[in-house]
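**Q** Sharing a structure, written as structure tokens. Questions coming.
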Amino acid sequence: MRKIEINPITRLEGHGKITIFLDDNGNVDEAFFQVVELRGYERFLVGMPIEEVPRTVSTICGVCRGIHFTASMKAMDEIYGVKPTPTARKLRELFLNAHFVEDHAVVLYALGLPDFVVGPDASPAERNIVGLVQKVGVELGKEVLRKRACAVKIFEMLGGKPIHPVTALPGGWAKRLTEEERQEIEKLSEQLVELGKLTLQIFDDVILKNEKYMELVTGDMYKVVVNYMGTVDDQGRVAYYDGTQRVVDTNGNEIATFTGKGYLDYIAERVLPWSYLKMPYLKQIGWKGIVDGEGTSLYSVGPLARLNAANGMDTPLAQEAYEKMYETLKAKPVHQVLAYHWARAIELLNAAEKCLQLAKDPEITSPDTRVEVGEATGEGVGIVEAPRGTLIHHYKTDKKGIVKEANLIVATTHNKGPINLAIRKAAKHFIKEGKVDEAILNHVEMAFRPYDLCLACATHAVTKGTIPFQIDIYTPKGELYQSLKNF
Amino acid sequence: MKKTCLVVGIGNPLLRDDKLGIQVVETLNNQQVPVETTILYTVGFELIDKILGYEKVIIIDAAKFGKLPGTILELRLEDIFTTHALINSHAITLGTTLKTGYLIFPEEMPRKLKIILVEAEDTTHFGKECSPAVRQAIEKVVERIKEDLRSM
């Protein structure tokens, strides 16, 4: 049996590796996605006052800094038994939605769209953000980056400090918004809505109108039939900051809802002999193995999962786009992994519209942004939707609010089963008779890119300008047959 | 009219030597060196946002080139840019980010760009102190930047 390894090497908390085993005929026998996740931050947080935690966890990931911040802030509310004032909640939501726009834009333009705009068969030297800009034109690239920067501006205005937010308070928000700032945020949010519309237009022009690409989007090689989890509001619409976690089965029927600590009753984790990262599954269905199809206990999270688990979107333009996606793909839930990018574009517009709604809300400038806090209750769970999926922060503290235990479940952990399935399916489809080249491997990578893996990015030291990526192919006897490296 | 000079320190403040870029910026600020500074936790499009409109930018980051810890490297953009397919959105490299900036905003990106990388010894353990070799390198980098500013 030959072995192919795809090795995106990262440091600290994560190290991801893809191993593909070929049979004697050179076809794919099995494929595994492995993550070595060190729970470094969880240990580091023990002994820390809970008030310090949001600022600290915002360094877990330079990309998702505001998301860990928000999840831990919500857990802190629960630890002090307080709810944020209506204004504080709106400020937090505005902060989170601006972060969504920024993050979704980066994922789409730097990661998802190059596969389509530049082309899935193009060499890696062209199939990237630079190649994308060369293809669509510098002016459009400029417009996208400038509009995306508006989201960062909002994020920084609310977060109190450039780049790293410092405004978390139990039941509150440390910085109130002035009328002048509100007006500026309203103008910036208008730009974000334009970015959302533009992104869906590009998606439409580049992918929906291209028959070859639509074959990939709707084909079985990128189809993974699992359950879906996402947060919904009281009307069942997609929610990011707060709501109820809803799980739907492979046919779209609601099979579970929970909030807060209730996650422990619904999510179980399976220890696997070949990976350090446990694989979550739905407790009520029970472990069925790494299989998809009706009856599987695996579930996925993230943009497509959220749309699948919800009844719709809470803003008008995003709702239109939501309806169009399900009409076009003629199914709900949609099991096509590449539709994650489509769902991401819809959410970008949704988050932008929400920013604008919140910026226009007169209550957002109220000085009422904090509450009195008492003694710590000792336990708190904060669940938010991160751009790449449901994020759970669970803390236990003493009466002074000093952290005794911390448990963090990130989106890539929830998605571990579906990512494995997606890679296996794509590998089986594209790798035949031992023929492996760059274009073929890119088609395999396209199966996991939609999930936007967050293996860990707490450090990012420059490694000769590239993220090391290695593919090793072994003979049936385990001898190295071919090795492809980008470093 | 472009602003004169910006020093950007990149790194995670809690992971020992990964902090070195931030440490350089903090030292410059503590010594009240008259230069604008900013810090970033990671490389991404925020870097472009920060450096647009400056005549000169000095970027300091940790590196893992397999050299002796504390080794200081002054590089040009061409030295660190190699195009590649992205693995995830968390993996946009310094080279790709800067190249994208120059492609899209050729007029507004800094005309003079200096990238100073310091070989890190430990970026995997928690701690706010850099390793001794890196601490020494930080002092040298600060002196180099001050010298650089004097000659401007």
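The way I read the labels, and the way they are meant: chains A, B, ... in the order of the structure tokens, residue 1 as the first residue of every chain, and ligand 1 as the first ligand shown, with later ones counted on from there.
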Could I get the residues of range 52-151 of chain A with an atom no further than 7 Å from an atom of range 324-345 of chain A, each paired with its nearest atom pair and that distance in Å to one decimal, using only C-alpha atoms, sorted by chain and residue number, as CSV?
**A**
residue,atom,partner,partner_atom,distance
A:His104,CA,A:Arg344,CA,6.3
A:Leu108,CA,A:His341,CA,6.8
A:Gly112,CA,A:His341,CA,6.5
**Q** Convert the current residue selection to file output with C-alpha atoms, as a PDB file, in the first residue's frame.
**A**
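Saved file out07.pdb follows:
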ATOM      1  CA  HIS A 104     -15.329  36.029   5.795  1.00  0.00           C
ATOM      2  CA  LEU A 108     -13.271  34.095   0.488  1.00  0.00           C
ATOM      3  CA  GLY A 112     -11.856  30.160  -1.526  1.00  0.00           C
TER       4      GLY A 112
END
**Q** What's around Leu117 in chain B at 8 Å? Count only C-alpha atoms, leave out sequence neighbours fewer than 3 positions away in its own chain, and write the answer as a ChimeraX atom specification.
**A** /A:462 /B:60-63,72-75
**Q** Expressed in Å to a single decimal, how great is the separation between CA of Pro362 in chain A and CA of Thr85 in chain A?
**A**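 Computing it gives 14.4 Å between the two atoms.
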**Q** Could you check the closest approach to Lys90 in chain A for each of A:Cys64, A:Leu453, A:Leu177, A:Val436 and tell me which residue wins, using only C-alpha atoms?
**A** A:Leu177
**Q** I'd like to know which of B:Asp122, B:Glu36, B:Glu55, B:Asp148 is closest to chain A, using only C-alpha atoms.
**A** B:Asp122
